[in-house]
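Participant: This is work_7.txt (compact mmCIF, C-alpha atoms).
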# COMPACT_ATOMS: atom_id res chain seq x y z
CA MET I 1 61.16 -12.78 70.68
CA ALA I 2 58.47 -14.73 68.85
CA GLU I 3 59.24 -15.72 65.28
CA VAL I 4 56.35 -14.89 62.92
CA TYR I 5 56.22 -16.48 59.46
CA LEU I 6 53.89 -14.67 57.04
CA PRO I 7 52.17 -16.02 53.91
CA SER I 8 53.81 -15.27 50.58
CA THR I 9 50.56 -13.72 49.34
CA LEU I 10 51.12 -10.74 51.65
CA ARG I 11 54.57 -9.77 50.46
CA PRO I 12 53.55 -8.08 47.18
CA LEU I 13 51.07 -5.92 49.08
CA PHE I 14 53.48 -4.25 51.50
CA ALA I 15 56.84 -2.78 50.53
CA GLY I 16 59.72 -4.37 52.37
CA LEU I 17 57.64 -7.01 54.14
CA PRO I 18 59.86 -10.03 54.81
CA ARG I 19 58.65 -13.59 55.04
CA HIS I 20 59.83 -13.88 58.59
CA VAL I 21 59.64 -11.27 61.36
CA GLU I 22 60.82 -11.39 64.99
CA LEU I 23 58.48 -9.64 67.43
CA ASP I 24 58.17 -9.12 71.15
CA ALA I 25 54.45 -9.78 71.69
CA ALA I 26 52.35 -11.47 74.39
CA THR I 27 49.55 -12.68 72.08
CA VAL I 28 48.84 -13.24 68.39
CA ASP I 29 46.66 -10.11 68.49
CA GLU I 30 49.52 -8.04 69.84
CA ALA I 31 51.88 -9.44 67.22
CA LEU I 32 49.46 -8.30 64.49
CA ASP I 33 49.28 -4.85 66.09
CA LEU I 34 53.08 -4.59 65.90
CA LEU I 35 53.02 -5.68 62.27
CA GLU I 36 50.30 -3.10 61.55
CA GLU I 37 52.49 -0.36 63.00
CA ARG I 38 55.28 -1.20 60.58
CA TRP I 39 53.10 -2.05 57.57
CA PRO I 40 49.82 -0.09 57.81
CA GLY I 41 46.89 -2.04 56.41
CA LEU I 42 48.41 -5.46 57.06
CA ARG I 43 46.09 -6.31 59.92
CA ASP I 44 43.05 -5.80 57.68
CA ARG I 45 44.36 -8.43 55.27
CA LEU I 46 44.34 -11.04 58.04
CA CYS I 47 41.41 -10.02 60.29
CA GLU I 48 37.81 -8.95 59.85
CA PRO I 49 35.03 -7.76 62.14
CA GLY I 50 33.48 -10.65 64.04
CA SER I 51 29.96 -11.66 63.14
CA GLY I 52 27.52 -9.92 65.44
CA GLU I 53 30.25 -8.53 67.66
CA PRO I 54 32.73 -5.72 67.24
CA ALA I 55 35.81 -7.73 68.23
CA PRO I 56 37.81 -8.77 65.20
CA VAL I 57 38.53 -12.37 64.26
CA LEU I 58 40.94 -13.98 61.87
CA ARG I 59 39.61 -14.12 58.32
CA ARG I 60 37.99 -17.42 57.40
CA HIS I 61 40.80 -18.64 55.17
CA ILE I 62 43.64 -17.33 57.32
CA HIS I 63 44.92 -19.88 59.81
CA VAL I 64 47.43 -19.17 62.55
CA TYR I 65 49.49 -21.81 64.33
CA VAL I 66 51.49 -21.14 67.49
CA ASP I 67 54.13 -23.79 68.04
CA ARG I 68 52.24 -26.04 65.60
CA GLU I 69 48.90 -25.71 67.42
CA ARG I 70 45.95 -23.96 65.74
CA ALA I 71 45.59 -20.55 67.38
CA ALA I 72 43.25 -17.57 67.61
CA LEU I 73 43.92 -13.88 68.13
CA GLU I 74 43.89 -14.25 71.90
CA THR I 75 46.37 -17.14 71.96
CA ALA I 76 49.36 -16.37 74.20
CA LEU I 77 52.89 -16.37 72.85
CA GLU I 78 55.98 -17.60 74.66
CA PRO I 79 59.23 -15.65 74.29
CA ARG I 80 60.49 -18.14 71.68
CA SER I 81 57.18 -19.15 70.07
CA ARG I 82 57.02 -19.87 66.39
CA VAL I 83 53.93 -18.31 64.76
CA ASP I 84 52.91 -19.51 61.30
CA VAL I 85 50.32 -17.42 59.47
CA ILE I 86 48.91 -19.53 56.64
CA ALA I 87 46.68 -18.59 53.71
CA ALA I 88 44.56 -21.74 53.57
CA ILE I 89 45.07 -24.09 50.65
CA SER I 90 41.99 -23.40 48.58
CA GLY I 91 40.86 -22.03 45.24
CA GLY I 92 41.42 -23.15 41.70
CA MET L 1 48.14 10.15 19.36
CA SER L 2 45.65 9.04 21.97
CA LYS L 3 45.47 5.51 23.32
CA THR L 4 42.31 3.51 23.80
CA VAL L 5 42.61 1.50 27.00
CA VAL L 6 40.21 -1.32 27.84
CA MET L 7 40.18 -2.23 31.54
CA VAL L 8 39.10 -5.76 32.35
CA GLY L 9 38.26 -7.16 35.78
CA THR L 10 38.52 -10.94 35.98
CA ARG L 11 38.36 -13.76 38.48
CA LYS L 12 42.14 -13.73 38.55
CA GLY L 13 43.27 -10.16 38.37
CA CYS L 14 42.95 -7.00 36.32
CA PHE L 15 44.08 -6.82 32.69
CA LEU L 16 44.63 -3.78 30.48
CA LEU L 17 44.43 -3.80 26.69
CA GLU L 18 45.79 -0.90 24.68
CA SER L 19 45.33 0.18 21.11
CA ASP L 20 45.54 3.33 19.02
CA GLU L 21 42.58 5.28 17.67
CA ARG L 22 41.91 2.70 14.99
CA ARG L 23 41.36 0.02 17.65
CA LEU L 24 42.35 -2.84 15.37
CA GLU L 25 45.35 -4.33 17.17
CA TRP L 26 45.54 -4.77 20.89
CA GLU L 27 48.32 -5.32 23.39
CA VAL L 28 47.30 -7.26 26.50
CA ARG L 29 48.99 -6.49 29.84
CA GLY L 30 48.40 -8.22 33.17
CA PRO L 31 47.38 -9.88 35.33
CA PHE L 32 47.59 -7.08 37.85
CA CYS L 33 46.43 -6.86 41.48
CA GLU L 34 48.18 -10.11 42.41
CA GLY L 35 45.52 -12.20 40.75
CA TRP L 36 42.82 -11.18 43.23
CA PRO L 37 39.23 -11.51 41.96
CA ILE L 38 38.39 -8.11 40.48
CA TYR L 39 34.77 -7.06 40.18
CA HIS L 40 35.07 -3.66 38.54
CA VAL L 41 37.87 -1.54 37.09
CA VAL L 42 37.38 2.14 36.34
CA ARG L 43 39.51 5.12 35.40
CA ASP L 44 39.15 8.52 37.02
CA ASP L 45 39.40 10.83 34.04
CA ASP L 46 40.39 13.76 36.27
CA SER L 47 43.44 12.18 37.89
CA GLY L 48 44.14 9.49 35.30
CA ALA L 49 44.32 6.82 38.00
CA ILE L 50 42.83 3.36 37.54
CA TYR L 51 40.92 1.75 40.41
CA ALA L 52 40.02 -1.91 40.80
CA ALA L 53 37.44 -3.28 43.23
CA ALA L 54 38.70 -6.55 44.63
CA ALA L 55 37.74 -9.21 47.14
CA SER L 56 40.25 -11.92 47.95
CA GLU L 57 39.02 -15.13 49.56
CA TRP L 58 42.08 -14.93 51.80
CA HIS L 59 42.69 -11.27 52.39
CA GLY L 60 39.26 -9.65 52.09
CA ALA L 61 37.90 -6.68 50.18
CA SER L 62 40.09 -3.82 49.04
CA VAL L 63 40.42 -1.24 46.31
CA TRP L 64 43.58 -1.21 44.21
CA ARG L 65 44.94 1.94 42.58
CA SER L 66 47.36 2.49 39.75
CA PRO L 67 48.39 6.07 38.92
CA ASP L 68 50.36 5.05 35.81
CA LEU L 69 48.19 2.80 33.63
CA GLY L 70 49.10 -0.36 35.45
CA GLU L 71 52.85 0.10 35.93
CA THR L 72 52.54 0.28 39.73
CA TRP L 73 49.71 -0.64 42.09
CA THR L 74 48.81 -0.13 45.74
CA GLN L 75 45.74 -1.25 47.65
CA SER L 76 43.84 0.04 50.65
CA SER L 77 40.76 -0.95 52.60
CA GLU L 78 41.13 1.59 55.37
CA GLY L 79 37.60 2.52 56.40
CA LEU L 80 35.91 -0.10 54.21
CA GLU L 81 33.86 -1.45 57.10
CA TYR L 82 30.48 -0.87 58.66
CA GLY L 83 31.67 -0.62 62.26
CA ASP L 84 29.03 -1.41 64.88
CA SER L 85 26.04 -1.20 62.53
CA GLY L 86 25.63 -4.97 62.35
CA LEU L 87 26.34 -4.98 58.63
CA LYS L 88 29.31 -6.92 57.35
CA LEU L 89 31.22 -5.98 54.23
CA SER L 90 32.01 -9.02 52.10
CA LYS L 91 32.83 -7.43 48.77
CA VAL L 92 33.28 -4.15 46.96
CA SER L 93 31.14 -4.56 43.86
CA GLY L 94 31.17 -1.39 41.83
CA LEU L 95 33.28 1.74 41.58
CA THR L 96 32.38 5.19 40.28
CA ALA L 97 34.69 8.17 39.92
CA ALA L 98 32.87 11.50 39.75
CA HIS L 99 33.25 15.11 40.84
CA GLY L 100 36.63 14.56 42.48
CA ARG L 101 35.74 11.58 44.61
CA LEU L 102 35.28 7.84 44.41
CA PHE L 103 32.19 5.86 45.27
CA ALA L 104 32.25 2.18 46.09
CA GLY L 105 29.12 0.05 46.22
CA ALA L 106 29.39 -2.83 48.65
CA GLU L 107 27.89 -6.08 49.87
CA MET L 108 26.05 -6.01 52.28
CA PRO L 109 24.29 -3.02 50.75
CA GLY L 110 26.01 0.27 51.35
CA ILE L 111 27.91 3.07 49.65
CA PHE L 112 31.38 4.23 50.61
CA GLU L 113 33.23 7.30 49.44
CA SER L 114 36.86 8.28 49.23
CA ARG L 115 38.03 11.85 48.92
CA ASP L 116 41.75 11.06 48.92
CA GLU L 117 42.12 8.90 45.82
CA GLY L 118 41.30 5.63 47.51
CA LYS L 119 43.67 5.88 50.46
CA THR L 120 40.82 5.98 53.00
CA TRP L 121 37.10 5.33 52.80
CA GLN L 122 34.03 6.38 54.78
CA VAL L 123 30.49 5.01 54.85
CA LEU L 124 28.34 7.45 52.92
CA SER L 125 24.99 5.69 53.25
CA THR L 126 23.40 2.36 54.03
CA LEU L 127 20.02 3.67 52.82
CA ASP L 128 18.55 3.61 56.29
CA GLY L 129 14.82 4.14 56.45
CA GLN L 130 14.10 3.04 52.89
CA PRO L 131 11.14 0.72 52.33
CA ASP L 132 12.10 -2.90 53.01
CA ARG L 133 15.55 -1.82 54.23
CA GLU L 134 15.44 -4.12 57.26
CA SER L 135 14.43 -7.20 55.30
CA TRP L 136 17.08 -6.77 52.63
CA ASN L 137 19.72 -6.92 55.32
CA ASP L 138 18.19 -9.96 57.02
CA PRO L 139 20.67 -12.83 56.63
CA ALA L 140 17.72 -15.24 56.20
CA ASN L 141 16.64 -13.36 53.05
CA GLN L 142 19.99 -13.41 51.27
CA PRO L 143 20.52 -15.11 47.94
CA PRO L 144 23.82 -16.99 47.45
CA GLY L 145 26.42 -14.44 48.48
CA HIS L 146 24.88 -11.22 49.76
CA LEU L 147 22.70 -8.52 48.33
CA GLY L 148 24.70 -5.43 47.61
CA VAL L 149 24.95 -2.12 45.83
CA PRO L 150 26.54 -3.07 42.51
CA ALA L 151 26.51 0.39 40.97
CA ILE L 152 26.24 4.11 41.60
CA LEU L 153 25.30 6.33 38.66
CA PRO L 154 26.38 9.96 39.12
CA HIS L 155 24.64 13.02 37.76
CA PRO L 156 27.03 14.74 35.33
CA ASP L 157 26.60 18.25 36.77
CA ASP L 158 25.22 17.91 40.29
CA SER L 159 27.68 16.25 42.66
CA SER L 160 25.00 15.76 45.35
CA ARG L 161 22.70 13.82 43.04
CA TYR L 162 23.13 10.17 42.12
CA TRP L 163 21.31 6.89 41.73
CA ALA L 164 22.16 3.60 43.43
CA ILE L 165 21.01 0.10 42.62
CA VAL L 166 20.26 -2.29 45.46
CA GLN L 167 20.21 -5.81 44.05
CA GLY L 168 16.75 -7.33 44.02
CA ILE L 169 15.26 -4.17 45.56
CA GLY L 170 15.55 -1.46 42.94
CA ILE L 171 16.88 2.01 42.17
CA PHE L 172 17.13 4.80 44.73
CA GLU L 173 17.93 8.44 44.00
CA THR L 174 19.49 10.98 46.29
CA THR L 175 19.66 14.71 45.61
CA ASP L 176 21.36 15.60 48.91
CA ASP L 177 24.51 13.50 48.75
CA GLY L 178 23.08 10.41 50.39
CA SER L 179 21.27 12.02 53.33
CA SER L 180 17.89 10.96 51.95
CA TRP L 181 16.75 8.67 49.16
CA THR L 182 13.70 8.14 46.98
CA PRO L 183 12.81 4.84 45.30
CA ARG L 184 12.72 5.24 41.51
CA ASN L 185 11.02 2.10 40.31
CA ARG L 186 7.59 3.23 39.03
CA GLY L 187 6.55 1.39 35.91
CA LEU L 188 8.88 -1.53 36.45
CA ARG L 189 7.59 -5.08 36.39
CA ALA L 190 8.22 -7.98 38.75
CA ASP L 191 7.35 -11.61 38.20
CA TRP L 192 7.25 -12.27 41.93
CA PRO L 193 5.02 -11.08 44.77
CA ILE L 194 5.69 -7.54 45.95
CA GLU L 195 4.35 -6.13 49.18
CA ASN L 196 5.33 -2.50 48.71
CA PRO L 197 5.02 -1.38 45.06
CA GLU L 198 7.87 1.10 45.53
CA VAL L 199 10.52 -1.61 45.91
CA GLY L 200 11.25 -5.25 45.10
CA TYR L 201 12.58 -4.93 41.53
CA CYS L 202 15.64 -6.61 40.15
CA VAL L 203 17.62 -3.95 38.33
CA HIS L 204 20.74 -5.35 36.70
CA LYS L 205 22.26 -2.34 34.97
CA LEU L 206 21.47 1.35 34.79
CA VAL L 207 22.98 3.72 32.23
CA MET L 208 22.45 7.36 31.31
CA SER L 209 22.74 9.03 27.94
CA PRO L 210 25.80 11.31 28.05
CA LEU L 211 23.73 13.82 26.09
CA ASP L 212 20.67 13.93 28.31
CA SER L 213 20.72 13.28 32.04
CA ASP L 214 16.96 12.65 32.03
CA ARG L 215 17.33 9.74 29.61
CA LEU L 216 18.09 6.53 31.50
CA TYR L 217 18.03 2.96 30.32
CA GLN L 218 18.03 -0.19 32.38
CA GLN L 219 18.40 -3.90 31.83
CA ASN L 220 16.18 -5.51 34.41
CA HIS L 221 15.77 -9.14 35.42
CA VAL L 222 12.43 -8.87 33.61
CA GLY L 223 12.66 -6.54 30.68
CA MET L 224 14.41 -3.58 29.14
CA HIS L 225 13.16 -0.22 30.30
CA ARG L 226 13.63 3.44 29.43
CA SER L 227 13.05 6.57 31.45
CA ASP L 228 12.71 10.08 30.01
CA ASP L 229 12.40 11.77 33.37
CA ALA L 230 15.55 10.73 35.24
CA GLY L 231 14.01 7.57 36.62
CA GLN L 232 10.77 9.00 38.00
CA SER L 233 8.87 6.67 35.65
CA TRP L 234 9.84 3.76 33.45
CA THR L 235 8.52 2.44 30.12
CA GLU L 236 9.19 -1.11 29.04
CA ILE L 237 10.97 -1.47 25.69
CA THR L 238 11.53 -5.23 25.58
CA GLU L 239 9.50 -5.94 22.44
CA GLY L 240 11.74 -7.00 19.57
CA LEU L 241 14.43 -8.54 21.76
CA PRO L 242 14.90 -12.33 21.88
CA THR L 243 14.65 -12.46 25.69
CA GLU L 244 13.70 -10.07 28.45
CA PHE L 245 16.70 -11.04 30.58
CA GLY L 246 20.28 -9.81 30.48
CA PHE L 247 22.85 -7.98 32.52
CA ALA L 248 24.98 -5.63 30.44
CA ALA L 249 23.92 -2.39 28.76
CA ALA L 250 25.57 0.63 27.17
CA ALA L 251 24.44 4.05 25.94
CA HIS L 252 25.74 5.65 22.75
CA PRO L 253 28.08 8.60 23.49
CA HIS L 254 26.66 10.87 20.77
CA ASP L 255 23.06 9.80 20.22
CA ARG L 256 20.53 9.81 23.05
CA ASP L 257 18.26 7.29 21.32
CA THR L 258 20.89 4.63 20.66
CA PHE L 259 21.45 1.98 23.22
CA TYR L 260 22.89 -1.57 23.35
CA VAL L 261 22.06 -4.71 25.31
CA ILE L 262 23.06 -8.37 25.38
CA PRO L 263 19.98 -10.55 25.90
CA LEU L 264 20.58 -13.82 27.72
CA ASP L 265 18.52 -16.90 28.47
CA PRO L 266 16.76 -16.19 31.76
CA GLY L 267 17.19 -19.67 33.26
CA HIS L 268 20.12 -20.82 35.28
CA GLY L 269 22.40 -20.95 32.24
CA ARG L 270 22.18 -17.22 31.54
CA CYS L 271 24.01 -17.56 28.23
CA MET L 272 23.32 -15.98 24.85
CA PRO L 273 20.32 -17.73 23.26
CA ASP L 274 20.92 -20.76 21.00
CA GLY L 275 24.68 -20.61 21.41
CA GLN L 276 24.82 -17.61 19.06
CA ALA L 277 26.55 -14.47 20.28
CA ALA L 278 24.97 -11.11 19.56
CA VAL L 279 24.65 -7.55 20.81
CA TRP L 280 21.36 -5.80 20.14
CA ARG L 281 21.03 -2.10 19.31
CA THR L 282 18.15 0.31 19.20
CA ARG L 283 18.48 3.62 17.37
CA ASP L 284 15.04 4.88 18.29
CA ALA L 285 14.95 4.62 22.08
CA GLY L 286 13.64 1.09 22.09
CA ALA L 287 10.90 1.19 19.42
CA ALA L 288 12.87 -1.31 17.31
CA TRP L 289 15.92 -3.48 17.87
CA GLU L 290 18.56 -4.83 15.49
CA ARG L 291 20.86 -7.78 15.97
CA LEU L 292 24.62 -7.14 15.65
CA ASP L 293 26.58 -10.36 15.18
CA ASP L 294 29.02 -9.92 12.28
CA GLY L 295 32.24 -11.53 13.48
CA LEU L 296 30.75 -12.98 16.66
CA PRO L 297 30.59 -16.79 17.04
CA GLN L 298 27.29 -18.19 15.78
CA GLN L 299 27.66 -21.82 16.77
CA ASP L 300 28.16 -23.44 20.19
CA ALA L 301 28.92 -20.08 21.78
CA HIS L 302 27.38 -20.66 25.19
CA VAL L 303 28.70 -17.50 26.74
CA GLY L 304 27.29 -15.02 29.21
CA VAL L 305 28.09 -11.39 29.96
CA LEU L 306 27.74 -9.91 33.45
CA ARG L 307 26.33 -6.52 34.45
CA GLU L 308 29.55 -4.58 34.07
CA GLY L 309 30.71 -6.69 31.14
CA MET L 310 30.06 -4.26 28.28
CA ALA L 311 31.50 -0.81 27.58
CA ILE L 312 31.48 1.80 24.84
CA ASP L 313 34.14 4.40 24.05
CA ASN L 314 33.45 7.96 22.92
CA HIS L 315 35.32 8.04 19.64
CA GLU L 316 33.39 9.69 16.82
CA VAL L 317 32.45 6.21 15.61
CA PRO L 318 32.21 4.52 18.98
CA GLY L 319 33.86 1.24 19.81
CA LEU L 320 32.00 -1.42 21.76
CA TYR L 321 33.57 -4.05 23.99
CA PHE L 322 32.20 -6.99 25.90
CA GLY L 323 33.79 -9.73 27.96
CA THR L 324 32.31 -13.11 28.79
CA SER L 325 32.20 -14.90 32.08
CA THR L 326 34.37 -17.53 30.38
CA GLY L 327 37.15 -15.12 29.44
CA GLN L 328 36.66 -14.09 25.82
CA LEU L 329 36.87 -10.37 25.03
CA PHE L 330 35.23 -9.02 21.87
CA ALA L 331 35.55 -5.57 20.34
CA SER L 332 33.95 -3.56 17.59
CA ALA L 333 35.53 -0.37 16.22
CA ASP L 334 32.48 0.53 14.15
CA ASP L 335 29.55 0.94 16.52
CA GLY L 336 28.87 -2.80 16.69
CA GLN L 337 28.60 -3.42 12.94
CA SER L 338 31.54 -5.85 12.95
CA TRP L 339 33.36 -7.62 15.73
CA SER L 340 36.61 -9.39 16.48
CA GLU L 341 37.88 -11.39 19.43
CA ILE L 342 40.73 -9.39 20.98
CA ALA L 343 41.54 -11.78 23.85
CA SER L 344 40.54 -15.42 23.97
CA TYR L 345 41.84 -16.93 27.16
CA LEU L 346 41.45 -14.46 29.98
CA PRO L 347 40.04 -15.64 33.31
CA GLY L 348 36.28 -15.23 33.67
CA ILE L 349 35.42 -11.57 33.07
CA ALA L 350 33.33 -9.57 35.52
CA SER L 351 33.81 -6.09 34.13
CA VAL L 352 34.88 -4.17 31.04
CA GLU L 353 35.40 -0.42 30.91
CA VAL L 354 37.17 1.74 28.35
CA ALA L 355 38.98 5.06 28.41
CA ILE L 356 40.66 7.25 25.82
CA VAL L 357 43.98 8.43 27.19
CA ASP L 358 45.91 11.33 25.62
Show this structure as structure tokens.
Facilitator:
Amino acid sequence: MAEVYLPSTLRPLFAGLPRHVELDAATVDEALDLLEERWPGLRDRLCEPGSGEPAPVLRRHIHVYVDRERAALETALEPRSRVDVIAAISGG
Amino acid sequence: MSKTVVMVGTRKGCFLLESDERRLEWEVRGPFCEGWPIYHVVRDDDSGAIYAAAASEWHGASVWRSPDLGETWTQSSEGLEYGDSGLKLSKVSGLTAAHGRLFAGAEMPGIFESRDEGKTWQVLSTLDGQPDRESWNDPANQPPGHLGVPAILPHPDDSSRYWAIVQGIGIFETTDDGSSWTPRNRGLRADWPIENPEVGYCVHKLVMSPLDSDRLYQQNHVGMHRSDDAGQSWTEITEGLPTEFGFAAAAHPHDRDTFYVIPLDPGHGRCMPDGQAAVWRTRDAGAAWERLDDGLPQQDAHVGVLREGMAIDNHEVPGLYFGTSTGQLFASADDGQSWSEIASYLPGIASVEVAIVD
């Protein structure tokens, strides 16, 4: 099971969403699909339509790391991967 | 006793201010919507729900809903996307509740509707086929940010008829619920080259007299204008105002000839002229204007008010409200004759609306 750590900014938006979820997923994209099933609308808070192409991409200020390496939606997960979803440090 | 509720959209969340009918003392509540930038907050008078148009830098555009005057909130963006059309939605700019549904104006330019109280949305129109439509969606032609549809003005009786503003392009009217559109910009002025005289006008705010659906007013980038034929033709009524530029406007609830604007310097500053805050009122449909500044700061007040930044209630003696892009909120309980500052340190204000709640 991959361990997915979600940004604190998501928790007030979805009832019962924990900071840390364990999921059985082969890619980041699949992990987000599983999260969407449990918390409808969550995927839309992290992804947007790609520019000029229908395939979605991570939102500009949402960064995902798999085992400390910057990742994209298609990045593969190992059975014990740690996935950190980060709302980028920005704003003021 | 009824409550007067002022709904404020700011750079860091939605705020609600409540008072009684006298509108002298105000309780401030918020921030709501998790501090997301809020571009417009409206109340659906039929259901009583409040809706807030939001766009988070992190989590994208969404519409928040509170059924209980801000006690609880949910948000949804299901369907707020253009699909394979090539358009990208960056922001929901303006909300309108009318005839049992919600409209949302968006950037890039398009109109969405919700028929289930904001749970799901559908594209209603992207104004395909209108003059200049292709160029206004060309990324090379975009100003900072994107062009969008900042407002939809509904007809009070005909649910299929409404007007939409496309920023920098002009007003379009539909009488068949968005299936077809007609530009409504005749008589407007532009200080820049225009290829097609039907479009290319910078309409900032469009309001309708609640007493007469043919009587429209608009604050334009260049001038104040009035229409007596539901937008089919426009007459400029700028003379007597200190500048031709501004964003906000409001129509009197009980007098079709009374109308309010906030002139601003037209340069990059876009603040009230000479650091002196004032609202201007006409009581004769724009023939003459009077300055209303009693209680407003008259020195070093370099404040601006955005297009949705002024509202008027429908009490017998109406109350006026405006919020500045630097977070001050002013109110008048006597039709603009005297003013007081009812919140001083809100985040920058994008929108102010008001409702009377029984």
Participant: What are the residues of chain L lining chain I at 10 Å or less? Count all atoms listed in the file, and put the answer as a ChimeraX atom specification.
Facilitator: /L:12,33-34,56-62,73-78,80-90
Participant: Can you work out the spacing between atom CA of L:Val8 and atom CA of L:Trp339 in Å, to one decimal?
Facilitator: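 Separating atom CA of L:Val8 from atom CA of L:Trp339 is a distance of 17.7 Å.
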Participant: So that I can see what lies close to L:Trp280, please list as a CSV table (one decimal) with C-alpha atoms, in the frame of the given file the residues with an atom at most 6 Å from it, counting all atoms listed in the file and leaving out residues fewer than 2 positions away in the same chain.
Facilitator:
chain,number,residue,atom,x,y,z
L,260,TYR,CA,22.9,-1.6,23.4
L,261,VAL,CA,22.1,-4.7,25.3
L,290,GLU,CA,18.6,-4.8,15.5
L,291,ARG,CA,20.9,-7.8,16.0
L,292,LEU,CA,24.6,-7.1,15.6
Participant: Quick one: of L:Ile171, L:Ala287, L:Ile194, L:Ile38, who's nearest to L:Met224, counting only C-alpha atoms?
Facilitator: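 When distances to L:Met224 are compared using only C-alpha atoms, the smallest one comes from L:Ala287.
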Participant: So that I can see what lies close to I:Ala76, please list as a list in words the residues with an atom at most 8 Å from it, counting only C-alpha atoms and leaving out residues fewer than 4 positions away in the same chain.
Facilitator: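 Once the adjacent positions are removed, what remains is Ala26, Thr27 and Val28 of chain I.
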Participant: What is the atom CA of L:Ala249 to atom CA of L:Leu216 distance in Å?
Facilitator: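 Atom CA of L:Leu216 lies 11.0 Å from atom CA of L:Ala249.
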Participant: Within 8 Å of stretch 116-131 of chain L, counting only C-alpha atoms, which residues show up once you throw out same-chain ones fewer than 6 positions away? Write them as number ranges by chain, please.
Facilitator: L: 63-65, 75-82, 101-102, 109-110, 178-183, 196, 198-199
Participant: Taking only C-alpha atoms into account, which of I:Glu36, I:Asp24, I:Glu78, I:Val4 comes nearest I:Val64?
Facilitator: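 Closest residue, counting only C-alpha atoms: I:Val4.
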Participant: Skipping near chain neighbours, those fewer than 6 positions away, what residues fall within 9 Å of L:Leu17 using only C-alpha atoms, listed as a list in words?
Facilitator: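 That gives Thr4, Val5, Val6, Met7, Val8, Trp26, Glu27, Val28, Arg29, Gly30, Ile342 and Ala343 of chain L.
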Participant: Which value, in Å to one decimal, gives the distance between atom CA of L:Arg283 and atom CA of L:Ala151?
Facilitator: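 Separation between atom CA of L:Arg283 and atom CA of L:Ala151: 25.1 Å.
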Participant: My list of candidates is L:Leu69, L:Ala97, L:Ala54, L:Ala311. Which is closest to L:Val42 when distances are computed with all atoms listed in the file?
Facilitator: L:Ala97
Participant: Counting all atoms listed in the file, what is within 8 Å of L:His155, bar same-chain residues fewer than 5 positions away, as a PyMOL selection string?
Facilitator: chain L and resi 161-162+213
Participant: Pick from I:Asp29, I:Asp84, I:Arg38, I:Leu17: nearest to I:Ala72, with all atoms listed in the file counted?
Facilitator: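 Smallest distance to I:Ala72 is found for I:Asp29.
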